[in-house]
Amino acid sequence: MKKDFNEDDFLGKWLSGDLSNEDRKAFEESEDYVVYKDILRGVERLDKPVFDVEKGLKAQKIYNTSYKKAKTSKVFKLRTWIYSAAAVVLVLIGLRTIFFKDVTIRTKMAQTQVVTLPDHSVVTLNADSSLKYDKDSFLEHRELYLKGEAFFDVHKGSSFTVTTKNGKITVLGTTFDVYSRDRTLEVHCFEGKISVKNEINEVILTPGKGTKSNKKEELSIVEISNPKPDWLDGKSSFFEVPLERLIKELERQYNIKIRTGNIDTKRVFTGFFKHTNLKVALSTSFDPMNISYTFEGDSIIALKNK
Amino acid sequence: MPKKVISVCEEKVYDKLYREHAEKICYYLYYKYGDMEKAQDIVQDSFAKLWINCSKILFGAAKSFLYKIANNASINALVHQKTVLKYQEIAQKTYTNESPEFQMEEKEFMHRLNRAISDLKDGQREVFLLNRMENKTYKEIAEMLEISVKAVEKRMHLALVILRKKIKSPNI
């Protein structure tokens, strides 16, 4: 009996070797056969994440002990929890509407966001950063608070101030990038003129100049060559920074965890990685440093000296 | 002499069940929904439920109990979520005599294949990947999903036809 290629189980039978010789030979000469072969070869190259059985079993034991308790007291816990949470939220909302009209924008790991402020200035927030400003008074006093990293394109007007825990940046109308994490402050000026001030001193930056300080030391001036920050183009670059800063940025851009193990995170790194492909990023970051990396699950990476 | 009853409450028995089935259930859920983390969570919940109900479940029924719980849990947890698959491509060989053009085409092909697989219907994808990646026979898959072997054959056929069409003209 001859089977038709288009019959609804034909390929199923082909894969399990249940076709008659005659049918199989006819199919192997058809045009589509090559494509199907390619698909199967491609599927063979696909990889799946690792499931560690022994680790899972250990975690399971711990989970089981807490599971029972959670189950039995669930109703009571949920209710009190909901009531108290609702009360807290109400009070907070009330206080906020009475006293301030703060607007906060936060980005998560591996996320960037473009924000237009009430004065038409545009801010691009890098991953894991936050921006806060008062909605009511912003047009009179252009002031905002930044945690993390952001690129500012400031609309011309009265003075515009970005406060971070590591220092203050004041401008009139320009484009610049602020990086303020841990105890490091880095500001790059791309257009206009800006003033950067911390507890020790103040510097004025003109286009093509940047400033950098660690641990609230004196602000020094450095030259920068690119016309806008690399991270806006999906790339993070570093010039003579400790390795730990590179590692943290990788974690932020790819939403992963990196275990540093025995490597020295104070070593100096110069280079860049792209935000598009984790494997390539890891290889460009760690191969030159002679560090090997292995995946422990989907998003955990362990480092080791080669 | 009375026949010895195997109790799931015994740690040894429970561990054995875990070692035998946890990974398989996890991959089964992963192929269906494409989210490894969620799959692992569901596996953990299913085994926790087996543990607290251990006295009520016969050893022989434990497997189907686990699959049933896993199936129900996943339906609740993921009912509104669109599947996003994260199949990893096998690392490229460092030394290769393939031309750059060929490598580019290969990469493009793998990318399209990945997308086409994630666009398959859940039912087609789970059957297709269980067969191709776990080397499960149609009969095993049919038992696992509680469908007929004929239905597995049909899903395999349809999955391949759809993949071929998408790979030939990726914009469909």
# chains A, B, ... in the order shown; residues from 1 in each chain; ligands from 1
>>> interface_residues(of="chain B", to="chain A", cutoff="9 Å", atoms="only C-alpha atoms", output="JSON, numbers by chain")
{"B": [15, 18, 19, 22, 23, 26, 27, 36, 37, 40, 44, 45, 47, 48, 49, 51, 52, 86, 87, 88, 89, 90, 91, 106, 109, 110, 113, 114, 129, 132, 133, 137, 138, 150, 151, 152, 153, 154, 155, 156, 157, 158, 160, 161, 163, 164, 167, 168]}
>>> residues_around(residues="A:Ala110", least_positions_apart="4", cutoff="10 Å", atoms="only C-alpha atoms", output="list in words")
Asn126, Ala127, Asp128, Glu249, Leu250, Glu251, Arg252, Gln253, Tyr254, Asn255, Ile256 and His275 of chain A
>>> residues_around(residues="A:Arg267", least_positions_apart="4", cutoff="10 Å", atoms="only C-alpha atoms", output="list of chain:residue names")
A:Glu240, A:Val241, A:Pro242, A:Leu243, A:Glu244, A:Ile263, A:Met289
>>> write_last_selection(atoms="C-alpha atoms", output="CSV table (one decimal), in the first residue's frame")
chain,number,residue,atom,x,y,z
A,240,GLU,CA,41.7,50.5,33.9
A,241,VAL,CA,38.9,49.5,36.4
A,242,PRO,CA,39.1,46.7,39.0
A,243,LEU,CA,37.8,43.4,37.8
A,244,GLU,CA,35.0,43.5,40.3
A,263,ILE,CA,40.2,35.0,41.6
A,289,MET,CA,42.5,37.7,32.0
>>> residues_around(residues="A:Arg142", least_positions_apart="2", cutoff="6 Å", atoms="only C-alpha atoms", output="PyMOL selection string")
chain A and resi 138-139+160
>>> residues_around(residues="A:Thr260", least_positions_apart="3", cutoff="9 Å", atoms="only C-alpha atoms", output="list of chain:residue names")
A:Glu244, A:Ile247, A:Ile263, A:Asp264, A:Thr265, A:Ile301, A:Ala302, A:Leu303, A:Lys304
>>> residues_around(residues="stretch 210-218 of chain A", least_positions_apart="4", cutoff="8 Å", atoms="only C-alpha atoms", output="PyMOL selection string")
chain A and resi 166+183-189+198-201+205+222-224
>>> closest_residue(among="A:Lys266, A:Lys228, A:Lys248, A:Lys306", to="A:Met109", atoms="only C-alpha atoms")
A:Lys248
>>> decode(residues="stretch 43-72 of chain B", atoms="N, CA and C atoms", output="compact mmCIF listing (two decimals), in the first residue's frame")
# COMPACT_ATOMS: atom_id res chain seq x y z
N VAL B 43 8.50 20.83 39.86
CA VAL B 43 9.02 19.53 40.30
C VAL B 43 9.14 19.50 41.81
N GLN B 44 9.67 20.59 42.37
CA GLN B 44 9.85 20.66 43.82
C GLN B 44 8.50 20.56 44.54
N ASP B 45 7.53 21.29 44.03
CA ASP B 45 6.20 21.24 44.64
C ASP B 45 5.58 19.85 44.55
N SER B 46 5.73 19.23 43.39
CA SER B 46 5.14 17.90 43.21
C SER B 46 5.74 16.91 44.20
N PHE B 47 7.05 16.96 44.36
CA PHE B 47 7.69 16.02 45.28
C PHE B 47 7.37 16.35 46.74
N ALA B 48 7.16 17.62 47.04
CA ALA B 48 6.77 17.98 48.40
C ALA B 48 5.37 17.42 48.68
N LYS B 49 4.49 17.51 47.68
CA LYS B 49 3.14 16.96 47.86
C LYS B 49 3.21 15.45 48.03
N LEU B 50 4.10 14.80 47.30
CA LEU B 50 4.26 13.35 47.45
C LEU B 50 4.72 13.04 48.88
N TRP B 51 5.60 13.88 49.41
CA TRP B 51 6.15 13.65 50.74
C TRP B 51 5.06 13.80 51.81
N ILE B 52 4.26 14.84 51.75
CA ILE B 52 3.28 15.00 52.83
C ILE B 52 2.12 14.01 52.68
N ASN B 53 1.94 13.46 51.49
CA ASN B 53 0.89 12.46 51.32
C ASN B 53 1.44 11.04 51.25
N CYS B 54 2.69 10.86 51.69
CA CYS B 54 3.38 9.60 51.44
C CYS B 54 2.65 8.39 52.00
N SER B 55 1.96 8.58 53.11
CA SER B 55 1.30 7.41 53.71
C SER B 55 0.08 6.97 52.90
N LYS B 56 -0.44 7.88 52.08
CA LYS B 56 -1.67 7.56 51.36
C LYS B 56 -1.39 7.03 49.95
N ILE B 57 -0.14 7.13 49.52
CA ILE B 57 0.14 6.77 48.13
C ILE B 57 0.94 5.48 48.05
N LEU B 58 0.45 4.56 47.24
CA LEU B 58 1.17 3.31 47.04
C LEU B 58 2.39 3.56 46.17
N PHE B 59 3.42 2.79 46.43
CA PHE B 59 4.67 2.95 45.67
C PHE B 59 4.42 2.89 44.16
N GLY B 60 3.60 1.93 43.77
CA GLY B 60 3.35 1.73 42.34
C GLY B 60 2.61 2.90 41.70
N ALA B 61 1.89 3.68 42.50
CA ALA B 61 1.10 4.78 41.94
C ALA B 61 1.83 6.11 42.01
N ALA B 62 3.03 6.08 42.62
CA ALA B 62 3.74 7.34 42.87
C ALA B 62 4.06 8.08 41.57
N LYS B 63 4.48 7.34 40.54
CA LYS B 63 4.88 7.97 39.29
C LYS B 63 3.72 8.75 38.67
N SER B 64 2.58 8.07 38.58
CA SER B 64 1.46 8.76 37.93
C SER B 64 0.95 9.90 38.81
N PHE B 65 1.08 9.74 40.13
CA PHE B 65 0.73 10.83 41.04
C PHE B 65 1.59 12.06 40.74
N LEU B 66 2.90 11.84 40.62
CA LEU B 66 3.82 12.94 40.36
C LEU B 66 3.49 13.66 39.05
N TYR B 67 3.24 12.87 38.00
CA TYR B 67 2.94 13.49 36.71
C TYR B 67 1.63 14.27 36.76
N LYS B 68 0.67 13.69 37.48
CA LYS B 68 -0.62 14.37 37.56
C LYS B 68 -0.47 15.72 38.26
N ILE B 69 0.22 15.69 39.41
CA ILE B 69 0.43 16.94 40.16
C ILE B 69 1.20 17.94 39.30
N ALA B 70 2.24 17.46 38.64
CA ALA B 70 3.06 18.35 37.82
C ALA B 70 2.21 18.97 36.72
N ASN B 71 1.38 18.15 36.10
CA ASN B 71 0.52 18.66 35.03
C ASN B 71 -0.45 19.72 35.53
N ASN B 72 -1.09 19.44 36.66
CA ASN B 72 -2.06 20.40 37.20
C ASN B 72 -1.38 21.69 37.61
